[in-house]
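Trainee: Input: one structure, supplied below.
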Amino acid sequence: MNEVQKSPFLGLWFLGVTLILLLALLPNGYFLDIAIRMAINAIIIIMLNLLIGFAGQISLGHAAFFGIGAYSSAILPAHFGWPSALALVFGALFSGVLALILARLIFRFKGHYLAMVTLGLGIIVSVILTNETAWTGGPDGMAVQDLDLLGHKLPGDRSWLGLTGFLLILCVWGTINLMESPFGRALRALHGSETAAAAAGVDLARYKMAVFALSAVPTSIMGSLTAHYVGFVTPNLAGFTHSIEMLTMVVLGGMASIYGSVLGAVLLTALPQLLATLDGWETVALGAILVITMIFLPKGIVPTLTVYLGKHSR
Amino acid sequence: MLAPFLQYLISGITVGMVYAFSALGFSLIYNASGVVNFAQGEFIMLGGMLAVFFSKAGLPFPAAAVLAIVIPTLLGMMIERLTIARAKNAEILSLIIITIGISLVLRGLTQIFMGKAVHALAPISDSRPIHLAGAVMHSQSPWVLGFTVTVMAMLWYFFRHSLSGKKILATSCNRSAAQLMGINTQWVMTFSYAMAAALGSLAGVLITPITMTSYDVGIMLGLKGFIGAVVGGMGSGMGAIAGGLIVGIAESLGAGYISSAYKDAMAFLLIFVILFLRPRGLFGAKATDRV
Amino acid sequence: MNLLEVRNLSKSFGGIQAVHNVSFAISPGQIYSVIGPNGAGKTTLFNLITGIYLPTAGEIFLNGSKIDGQPPHRLAGLGISRTFQNLQIFMNMSAIENVMVGAHLRLDRNILKASLRLPALRRRDKILREEAAELMAFVGLEACVTQAADSLAYGALKRLEIARALASKPRLLFLDEPAAGLNPAETQGVQELMQKVAAAGITVVLVEHDMKLVMNLSNRILVLDYGKKLTEGTAEEVCRNPDVIAAYLGVHG
């Protein structure tokens with residue numbers, strides 16, 4: 001945080017008010033759908049940013065966790081009769097444990113080794129989801145039963161926005177608190193200098209495991225929720241493109257910035273919708289955004305703006 | 001017993017050579033700049049796709065092949081000057097992300113202009129398969145082998161005995177020192193990208209008659225080349241070639257004996273195992289941070 | 001009993017013997033210096049004791065307990081703290097946050113409590129922030145408390161690292177070339193700071209090239225050359241030792 005200690009919670013009030021307004025005023029249909037997707041993505045990106053922006057690690061296969069959550073919620077109720085809440089928890093636990101194991105194995109790796117291993121994770125999960133047709137419905141995907149919370153189903157899209165919006169507020173609040181705590185400082189220290197962090201008492205392995213799991217579990221939960229919301233899952237939910245979309249949102253909005261994550265999610269959720277039929281152009285656009293942002297706004301939009309406004313307010 | 005094994009081995013070596021080129025491209029750029037160029041696979045894809053494009057446009061194979069190599073090489077240089085060179089003191093992560101962006105742009109543009117279809121390319125010699133000790137080999141395979149060995153020999157000579165090659169090696173060891181010695185490190189960067197693109201597109205041209213090509217082959221080719229480079233030890237030329245071959249052979253044997261559906265996953269499992277046993281890769285140097 | 005005891009410590013990198021069969025002991029409350037020509041193995045010795053390198057042979061004892069092979073974060077918990085030859089400041093954080101990380105192990109690091117903003121945790125953080133500010137004043141950086149680390153000058157950063165190392169309330173403080181790159185006035189400041197630290201009861205171990213600083217400060221000095229122990233003793237003993245003179249100045253023929 002910079003010298004001008006404005007309360008970071010100011011933004012939270014703003015976010016809360018915006019969500020309430022959207023909830024009340026948005027007409028059903030297209031815009032409500034986009035708002036829900038934005039909220040879901042925002043939660044994922046905030047947590048992914050902990051890993052990439054704050055802790056300075058990298059993940060090029062994070063969509064794997066999304067896919068695990070999504071398909072847990074699809075497969076377990078459909079094939080095994082599990083209640084949807086349990087399936088969601090299973091997906092989250094599975095993702096968490098997987099993240100812990102992976103991080104424990106590779107915590108010594110840096111930079112490109114880590115990038116590659118996470119990439120590999122994404123590929124392996126995609127391949128499994130595509131090939132095990134008997135369980136997953138293969139490349140065409142499978143249908144998902146409705147979300148069932150202790151006997152109650154969510155009545156209509158507006159309640160979905162309420163749920164995801166509420167979770168988003170919770171997520172922002174919790175993350176701000178976390179980043180202002182010893183844990184949060186330790187994460188940032190990890191990014192600053194691993195050697196010095198270790199010398200100061202930070203257990204590098206444990207912290208990397210923790211932040212990996214911390215970013216994987218909410219992603220999985222959001223995958224489960226998306227599965228229920230859309231009612232259908234396909235293997236590309238765990239695919240490379242989805243992982244890169246997530247990375248782009250982090251990078252564009254601002255690394256190590258909570259509100260930047262929200263902004264990145266908002267801006268780039270709209271993009272695929274706008275370019276829905278122009279597949280190739282979506283890819284080009286994503287790529288161009290990554291390149292241009294990294295050259296001209298290497299810290300992302302929100303941190304760059306913060307510095308710019310800070311300089312000019314004197 | 002022997003025939004299928006030989007079959008898998010030969011196809012593994014053939015595709016392994018492409019991975020070796022890909023891996024070499026990664027190592028070159030990593031050595032020059034510390035960056036892992038995620039767009040490497042797209043150069044291979046462009047080699048194949050452009051060869052198809054120019055063949056269909058009526059050009060004879062040699063002309064099409066040359067263009068299919070020259071254009072990506074120029075592209076590689078242009079990309080380096082416009083993007084990497086601009087993002088001067090960026091963190092490595094930022095540079096890696098730029099290369100990811102570049103790969104997306106290249107892939108997207110190819111998809112727009114050449115569609116999603118899979119394309120075939122005529123082999124250099126006639127298309128009758130070659131029989132060798134009970135195994136069947138594509139007529140293109142000896143060409144791939146031949147070109148690979150020739151190029152590798154040329155590269156070895158270049159780095160060992162030419163001044164330019166030594167300049168590149170010096171820059172990779174210590175950039176500041178190289179600059180102080182009067183080496184134009186900017187040129188070294190651009191040259192490395194050009195070389196990596198040239199090698200990649202050459203590989204693409206060579207392999208397309210066997211594997212066919214489409215707009216999205218770059219992802220896997222790049223990835224497996226990356227794995228090859230890491231398995232062999234990032235930054236080691238020898239390692240890259242060995243690593244690429246190992247990945248190709250492992251993949252082919254795995255696909256043949258275990259499951260062809262999980263072919264792509266095979267390479268990744270391989271790398272987890274190897275990195276676990278030898279974290280620096282097979283030929284990688286032990287690097288220590290000075291604190 | 002000795003605070004730190006090193007027995008027959010060796011470290012080789014491939015074919016190079018960086019440290020060879022070095023033994024010495026440090027009593028609590030001393031200022032102990034390690035000197036020697038460049039490449040003598042001083043920083044390697046530090047890195048061995050602070051857990052960054054694994055010894056090839058030999059043992060290290062802290063208050064009688066074996067600590068060789070322990071990773072750095074465990075040693076931090078046992079009361080060992082250090083600064084680095086090539087500054088390792090967290091440039092992505094503010095100056096005071098750097099110091100606060102130094103006190104990492106003294107805080108409640110529970111994730112759940114942190115996310116819920118529990119008052120007890122917040123209170124301890126606030127107390128720590130005040131302590132960190134005091135530490136920065138102790139090292140002479142009271143003017144820089146709210147600044148970003150990457151805006152500070154080199155000399156200030158060296159002091160910041162010392163403040164960070166002190167934040168864990170260590171028993172043993174390792175300083176790797178604290179006066180490197182500093183002008184005479186700044187070096188004098190470092191000397192005074194070292195004396196303040198020792199007066200506060202912390203045992204200080206120093207690697208330094210500035211001989212005046214070393215002679216002024218040290219209770220005992222260890223001299224290394226080519227990874228081996230040349231001699232050990234008080235400042236006067238070391239100054240007069242002919243082997244030491246030869247190592248630094250060359251033998252007169």
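Every chain in the structure tokens takes a letter, A first, then B, and so on in the order presented; its residues are numbered from 1, and the ligands are numbered from 1 following the presented order.
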Give me the residues within 10 Å of Ser141 (chain B) as a PyMOL selection string, counting only C-alpha atoms and dropping any in the same chain fewer than 6 places off.
Mentor: chain B and resi 10-11+13-15+17+123+129-130+147+206-207+209-210
Trainee: Keeping only C-alpha atoms, write the selected residues to a file as a PDB file, in the first residue's frame.
Mentor:
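That gives us selection.pdb:
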```pdb
ATOM      1  CA  ILE B  10      11.208 -44.621 -35.795  1.00  0.00           C
ATOM      2  CA  SER B  11       8.081 -42.506 -35.637  1.00  0.00           C
ATOM      3  CA  ILE B  13      12.577 -40.274 -33.501  1.00  0.00           C
ATOM      4  CA  THR B  14      11.011 -38.526 -36.463  1.00  0.00           C
ATOM      5  CA  VAL B  15       8.603 -36.474 -34.404  1.00  0.00           C
ATOM      6  CA  MET B  17      13.432 -34.242 -34.271  1.00  0.00           C
ATOM      7  CA  PRO B 123       6.397 -35.002 -49.238  1.00  0.00           C
ATOM      8  CA  PRO B 129       6.485 -45.784 -47.536  1.00  0.00           C
ATOM      9  CA  ILE B 130       9.914 -47.247 -46.865  1.00  0.00           C
ATOM     10  CA  PHE B 147      18.106 -32.043 -42.527  1.00  0.00           C
ATOM     11  CA  LEU B 206       9.798 -30.822 -42.859  1.00  0.00           C
ATOM     12  CA  ILE B 207       7.256 -32.506 -40.629  1.00  0.00           C
ATOM     13  CA  PRO B 209       3.982 -34.056 -44.948  1.00  0.00           C
ATOM     14  CA  ILE B 210       3.912 -36.618 -42.129  1.00  0.00           C
TER      15      ILE B 210
END
```
Trainee: Identify, with DSSP run on backbone atoms, the residues in region 22-250 of chain C assigned to alpha helix (DSSP H), and express the list as an NGL selection string.
Mentor: :C and (42-49 or 72-77 or 95-102 or 111-115 or 119-138 or 154-166 or 184-199 or 211-217 or 235-240 or 242-249)
Trainee: Compile the residues of chain C that lie within 8 Å of chain B, evaluated using only C-alpha atoms, and express the compilation as a PyMOL selection string.
Mentor: chain C and resi 84-88
Trainee: Take the residues from that selection and write them out as a PDB file, in the first residue's frame, keeping C-alpha atoms.
Mentor:
```
ATOM      1  CA  PHE C  84      23.070  -9.988   2.844  1.00  0.00           C
ATOM      2  CA  GLN C  85      26.083  -8.962   0.830  1.00  0.00           C
ATOM      3  CA  ASN C  86      23.897  -8.243  -2.193  1.00  0.00           C
ATOM      4  CA  LEU C  87      20.959  -6.455  -0.601  1.00  0.00           C
ATOM      5  CA  GLN C  88      17.832  -8.590  -0.436  1.00  0.00           C
TER       6      GLN C  88
END
```
Trainee: Which residue, C:Phe13, C:Tyr53, C:Tyr154, C:Phe138, has the smallest gap to chain A when you use only C-alpha atoms?
Mentor: C:Tyr53
Trainee: Near chain A, meaning an atom within 9 Å, which residues of chain C appear when counting only C-alpha atoms? Write them as a PyMOL selection string.
Mentor: chain C and resi 50-52+71-77+80-84+88-94+97-98+100-105+107-117+121-122+125+146-148+164-165+167-168
Trainee: Go ahead and dump the residues you just picked, C-alpha atoms, as a compact mmCIF listing (two decimals), in the first residue's frame.
Mentor:
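Listing of part-v1.txt after writing:
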```txt
# COMPACT_ATOMS: atom_id res chain seq x y z
CA THR C 50 22.54 -19.57 8.23
CA GLY C 51 21.22 -22.63 6.42
CA ILE C 52 21.46 -21.52 2.82
CA PRO C 71 16.72 -24.62 6.67
CA PRO C 72 16.91 -20.83 7.13
CA HIS C 73 13.37 -20.37 8.37
CA ARG C 74 13.96 -22.81 11.23
CA LEU C 75 17.17 -21.07 12.19
CA ALA C 76 15.27 -17.80 12.30
CA GLY C 77 13.10 -19.39 14.92
CA ILE C 80 19.62 -16.41 14.08
CA SER C 81 19.20 -13.38 11.86
CA ARG C 82 21.23 -11.96 9.00
CA THR C 83 21.79 -9.35 6.34
CA PHE C 84 23.07 -9.99 2.84
CA GLN C 88 17.83 -8.59 -0.44
CA ILE C 89 15.28 -5.95 0.38
CA PHE C 90 11.63 -6.56 -0.47
CA MET C 91 11.43 -3.85 -3.08
CA ASN C 92 7.73 -4.49 -3.64
CA MET C 93 6.84 -3.37 -0.12
CA SER C 94 7.17 -0.26 1.97
CA GLU C 97 6.63 -3.51 6.01
CA ASN C 98 10.12 -4.85 5.31
CA MET C 100 7.59 -6.05 9.98
CA VAL C 101 8.33 -9.17 7.95
CA GLY C 102 11.44 -9.56 10.05
CA ALA C 103 9.19 -10.16 13.05
CA HIS C 104 7.21 -12.76 11.13
CA LEU C 105 7.67 -15.58 13.61
CA LEU C 107 3.10 -12.97 15.07
CA ASP C 108 -0.08 -14.93 14.71
CA ARG C 109 0.02 -16.06 11.12
CA ASN C 110 -3.31 -17.83 11.01
CA ILE C 111 -5.08 -17.31 7.69
CA LEU C 112 -8.62 -17.67 8.96
CA LYS C 113 -8.16 -15.22 11.78
CA ALA C 114 -6.56 -12.79 9.37
CA SER C 115 -9.36 -12.92 6.78
CA LEU C 116 -11.95 -12.38 9.49
CA ARG C 117 -10.13 -9.34 10.78
CA LEU C 121 -4.75 -10.01 15.48
CA ARG C 122 -5.26 -6.41 14.41
CA ASP C 125 -0.22 -5.98 14.13
CA THR C 146 6.22 5.47 5.40
CA GLN C 147 8.30 5.43 2.23
CA ALA C 148 8.38 2.68 -0.37
CA ARG C 164 14.61 -6.08 9.53
CA ALA C 165 17.15 -8.52 10.95
CA ALA C 167 12.92 -7.29 14.27
CA SER C 168 13.00 -10.98 15.11
```
Trainee: What is the CA of Ser139 (chain B)-CA of Gly25 (chain B) distance in Å, reported with one decimal?
Mentor: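 The value is 25.8 Å.
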Trainee: So that I can see what lies close to Leu247 (chain A), please list as a PDB file with C-alpha atoms, in the first residue's frame the residues with an atom at most 12 Å from it, counting only C-alpha atoms and leaving out residues fewer than 2 positions away in the same chain.
Mentor:
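Result file selection-v2.pdb:
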```pdb
ATOM      1  CA  ASN A  41     -14.732 -14.372 -12.752  1.00  0.00           C
ATOM      2  CA  ILE A  44     -11.513 -16.404  -9.384  1.00  0.00           C
ATOM      3  CA  ILE A  45      -9.201 -13.613 -10.479  1.00  0.00           C
ATOM      4  CA  ILE A  46      -8.862 -12.089  -7.001  1.00  0.00           C
ATOM      5  CA  MET A  47      -7.681 -15.439  -5.665  1.00  0.00           C
ATOM      6  CA  LEU A  48      -5.493 -16.168  -8.683  1.00  0.00           C
ATOM      7  CA  ASN A  49      -3.919 -12.761  -8.196  1.00  0.00           C
ATOM      8  CA  LEU A  51      -0.740 -16.477  -6.386  1.00  0.00           C
ATOM      9  CA  ILE A  52       0.532 -14.533  -9.357  1.00  0.00           C
ATOM     10  CA  GLY A  53       0.526 -10.882  -8.341  1.00  0.00           C
ATOM     11  CA  GLN A  57       4.319 -17.348  -8.692  1.00  0.00           C
ATOM     12  CA  ILE A  58       2.734 -18.376 -11.978  1.00  0.00           C
ATOM     13  CA  SER A  59      -0.052 -20.667 -13.053  1.00  0.00           C
ATOM     14  CA  LEU A  60      -0.820 -21.345 -16.672  1.00  0.00           C
ATOM     15  CA  GLY A  61      -3.282 -24.129 -15.996  1.00  0.00           C
ATOM     16  CA  HIS A  62      -5.596 -22.713 -13.382  1.00  0.00           C
ATOM     17  CA  ALA A  63      -8.654 -23.596 -15.420  1.00  0.00           C
ATOM     18  CA  ALA A 115       4.867 -22.291 -15.697  1.00  0.00           C
ATOM     19  CA  LEU A 119       0.480 -25.810 -17.973  1.00  0.00           C
ATOM     20  CA  PHE A 240      -5.641 -23.778 -22.081  1.00  0.00           C
ATOM     21  CA  THR A 241      -7.672 -20.902 -23.543  1.00  0.00           C
ATOM     22  CA  HIS A 242      -9.647 -20.530 -20.354  1.00  0.00           C
ATOM     23  CA  SER A 243      -6.424 -20.527 -18.300  1.00  0.00           C
ATOM     24  CA  ILE A 244      -4.980 -17.825 -20.516  1.00  0.00           C
ATOM     25  CA  GLU A 245      -8.172 -15.770 -20.202  1.00  0.00           C
ATOM     26  CA  MET A 249      -7.582 -10.737 -16.491  1.00  0.00           C
ATOM     27  CA  VAL A 250      -4.962 -10.736 -13.735  1.00  0.00           C
ATOM     28  CA  VAL A 251      -2.380  -8.999 -15.875  1.00  0.00           C
ATOM     29  CA  LEU A 252      -4.702  -6.391 -17.356  1.00  0.00           C
ATOM     30  CA  GLY A 253      -6.528  -5.440 -14.192  1.00  0.00           C
ATOM     31  CA  GLY A 254      -3.378  -5.233 -12.139  1.00  0.00           C
ATOM     32  CA  MET A 255      -1.088  -7.688 -10.460  1.00  0.00           C
ATOM     33  CA  SER A 261      -8.676  -8.152 -10.330  1.00  0.00           C
ATOM     34  CA  GLY A 264      -9.818  -7.169 -15.174  1.00  0.00           C
ATOM     35  CA  ALA A 265     -12.629  -9.653 -14.728  1.00  0.00           C
ATOM     36  CA  LEU A 268     -12.554  -9.309 -20.078  1.00  0.00           C
ATOM     37  CA  LEU A 286      -6.617 -11.501 -26.021  1.00  0.00           C
ATOM     38  CA  GLY A 287      -3.095 -11.752 -27.344  1.00  0.00           C
ATOM     39  CA  ILE A 289      -4.216  -7.028 -24.905  1.00  0.00           C
ATOM     40  CA  LEU A 290      -1.549  -9.101 -23.176  1.00  0.00           C
ATOM     41  CA  GLY A 300      -1.793  -3.409 -15.018  1.00  0.00           C
TER      42      GLY A 300
ATOM     43  CA  LEU B  93       7.173 -12.874 -15.918  1.00  0.00           C
ATOM     44  CA  SER B  94       6.114  -9.873 -17.982  1.00  0.00           C
ATOM     45  CA  ILE B  96       6.897 -14.485 -20.728  1.00  0.00           C
ATOM     46  CA  ILE B  97       3.397 -13.069 -20.828  1.00  0.00           C
ATOM     47  CA  ILE B  98       4.295 -10.993 -23.868  1.00  0.00           C
ATOM     48  CA  ILE B 100       2.116 -15.799 -24.717  1.00  0.00           C
ATOM     49  CA  GLY B 101       0.289 -12.829 -26.208  1.00  0.00           C
TER      50      GLY B 101
END
```
Trainee: Which polymer residues have any atom within 7 Å of an atom of Phe24 (chain C), counting only C-alpha atoms, with same-chain residues fewer than 4 positions away left out, as a list in words?
Mentor: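 After dropping sequence-adjacent residues, the list is Glu5, Val6 and Arg7 of chain C.
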Trainee: As a PyMOL selection string, could you give me every residue of chain B near chain A (at most 8 Å apart, counting only C-alpha atoms)?
Mentor: chain B and resi 36+83+86-87+90+92-95+97-109+111-112+226-227+230+261-262+264-265+268+272+276
Trainee: Would you list, as number ranges by chain, the residues of region 104-272 of chain A that end up in strand (DSSP E) under DSSP run on this structure's backbone?
Mentor: A: 142-143, 148-149, 152-153, 232-233
Trainee: What would the file look like if the residues just selected were written as a PDB file, in the first residue's frame with C-alpha atoms?
Mentor:
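File written: selection.pdb
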```
ATOM      1  CA  MET A 142     -22.746 -33.293 -20.239  1.00  0.00           C
ATOM      2  CA  ALA A 143     -25.756 -31.766 -18.554  1.00  0.00           C
ATOM      3  CA  ASP A 148     -29.803 -27.923  -4.503  1.00  0.00           C
ATOM      4  CA  LEU A 149     -28.997 -26.210  -1.213  1.00  0.00           C
ATOM      5  CA  HIS A 152     -33.917 -25.157  -1.886  1.00  0.00           C
ATOM      6  CA  LYS A 153     -33.227 -24.391  -5.494  1.00  0.00           C
ATOM      7  CA  PHE A 232     -24.002 -27.777 -18.931  1.00  0.00           C
ATOM      8  CA  VAL A 233     -20.264 -28.496 -18.869  1.00  0.00           C
TER       9      VAL A 233
END
```
Trainee: Neighbouring residues of Gly39 (chain C) were defined as those with any atom within 8 Å, considering only C-alpha atoms; residues of the same chain fewer than 2 positions away were excluded. Please report them as a PDB file with all heavy atoms, in the first residue's frame.
Mentor:
```
ATOM      1  N   PRO C  37      40.993 -12.259   2.384  1.00  0.00           N
ATOM      2  CA  PRO C  37      40.953 -11.716   1.033  1.00  0.00           C
ATOM      3  C   PRO C  37      39.691 -12.167   0.305  1.00  0.00           C
ATOM      4  O   PRO C  37      38.993 -13.077   0.757  1.00  0.00           O
ATOM      5  CB  PRO C  37      42.203 -12.312   0.368  1.00  0.00           C
ATOM      6  CG  PRO C  37      43.018 -12.893   1.453  1.00  0.00           C
ATOM      7  CD  PRO C  37      42.117 -13.173   2.598  1.00  0.00           C
ATOM      8  N   GLY C  41      36.116 -17.370   1.242  1.00  0.00           N
ATOM      9  CA  GLY C  41      35.067 -18.263   1.723  1.00  0.00           C
ATOM     10  C   GLY C  41      34.226 -17.681   2.841  1.00  0.00           C
ATOM     11  O   GLY C  41      33.488 -18.400   3.511  1.00  0.00           O
ATOM     12  N   LYS C  42      34.327 -16.367   3.042  1.00  0.00           N
ATOM     13  CA  LYS C  42      33.631 -15.751   4.177  1.00  0.00           C
ATOM     14  C   LYS C  42      32.116 -15.834   4.025  1.00  0.00           C
ATOM     15  O   LYS C  42      31.403 -16.262   4.943  1.00  0.00           O
ATOM     16  CB  LYS C  42      34.057 -14.288   4.329  1.00  0.00           C
ATOM     17  CG  LYS C  42      35.565 -14.110   4.386  1.00  0.00           C
ATOM     18  CD  LYS C  42      35.950 -12.681   4.656  1.00  0.00           C
ATOM     19  CE  LYS C  42      35.606 -11.718   3.518  1.00  0.00           C
ATOM     20  NZ  LYS C  42      36.379 -11.965   2.301  1.00  0.00           N
ATOM     21  N   ASP C 225      41.620 -17.803   4.614  1.00  0.00           N
ATOM     22  CA  ASP C 225      42.319 -17.625   3.351  1.00  0.00           C
ATOM     23  C   ASP C 225      42.161 -18.915   2.555  1.00  0.00           C
ATOM     24  O   ASP C 225      42.435 -19.998   3.072  1.00  0.00           O
ATOM     25  CB  ASP C 225      43.798 -17.316   3.599  1.00  0.00           C
ATOM     26  CG  ASP C 225      44.483 -16.799   2.346  1.00  0.00           C
ATOM     27  OD1 ASP C 225      43.756 -16.345   1.428  1.00  0.00           O
ATOM     28  OD2 ASP C 225      45.709 -16.845   2.269  1.00  0.00           O
ATOM     29  N   TYR C 226      41.696 -18.801   1.314  1.00  0.00           N
ATOM     30  CA  TYR C 226      41.449 -19.975   0.472  1.00  0.00           C
ATOM     31  C   TYR C 226      40.602 -21.019   1.205  1.00  0.00           C
ATOM     32  O   TYR C 226      40.856 -22.211   1.106  1.00  0.00           O
ATOM     33  CB  TYR C 226      42.770 -20.615   0.028  1.00  0.00           C
ATOM     34  CG  TYR C 226      43.510 -19.780  -0.966  1.00  0.00           C
ATOM     35  CD1 TYR C 226      44.699 -19.152  -0.619  1.00  0.00           C
ATOM     36  CD2 TYR C 226      42.999 -19.593  -2.253  1.00  0.00           C
ATOM     37  CE1 TYR C 226      45.368 -18.368  -1.537  1.00  0.00           C
ATOM     38  CE2 TYR C 226      43.667 -18.802  -3.166  1.00  0.00           C
ATOM     39  CZ  TYR C 226      44.850 -18.187  -2.803  1.00  0.00           C
ATOM     40  OH  TYR C 226      45.512 -17.407  -3.694  1.00  0.00           O
ATOM     41  N   GLY C 227      39.616 -20.555   1.935  1.00  0.00           N
ATOM     42  CA  GLY C 227      38.695 -21.468   2.589  1.00  0.00           C
ATOM     43  C   GLY C 227      39.207 -22.070   3.881  1.00  0.00           C
ATOM     44  O   GLY C 227      38.493 -22.787   4.573  1.00  0.00           O
TER      45      GLY C 227
END
```
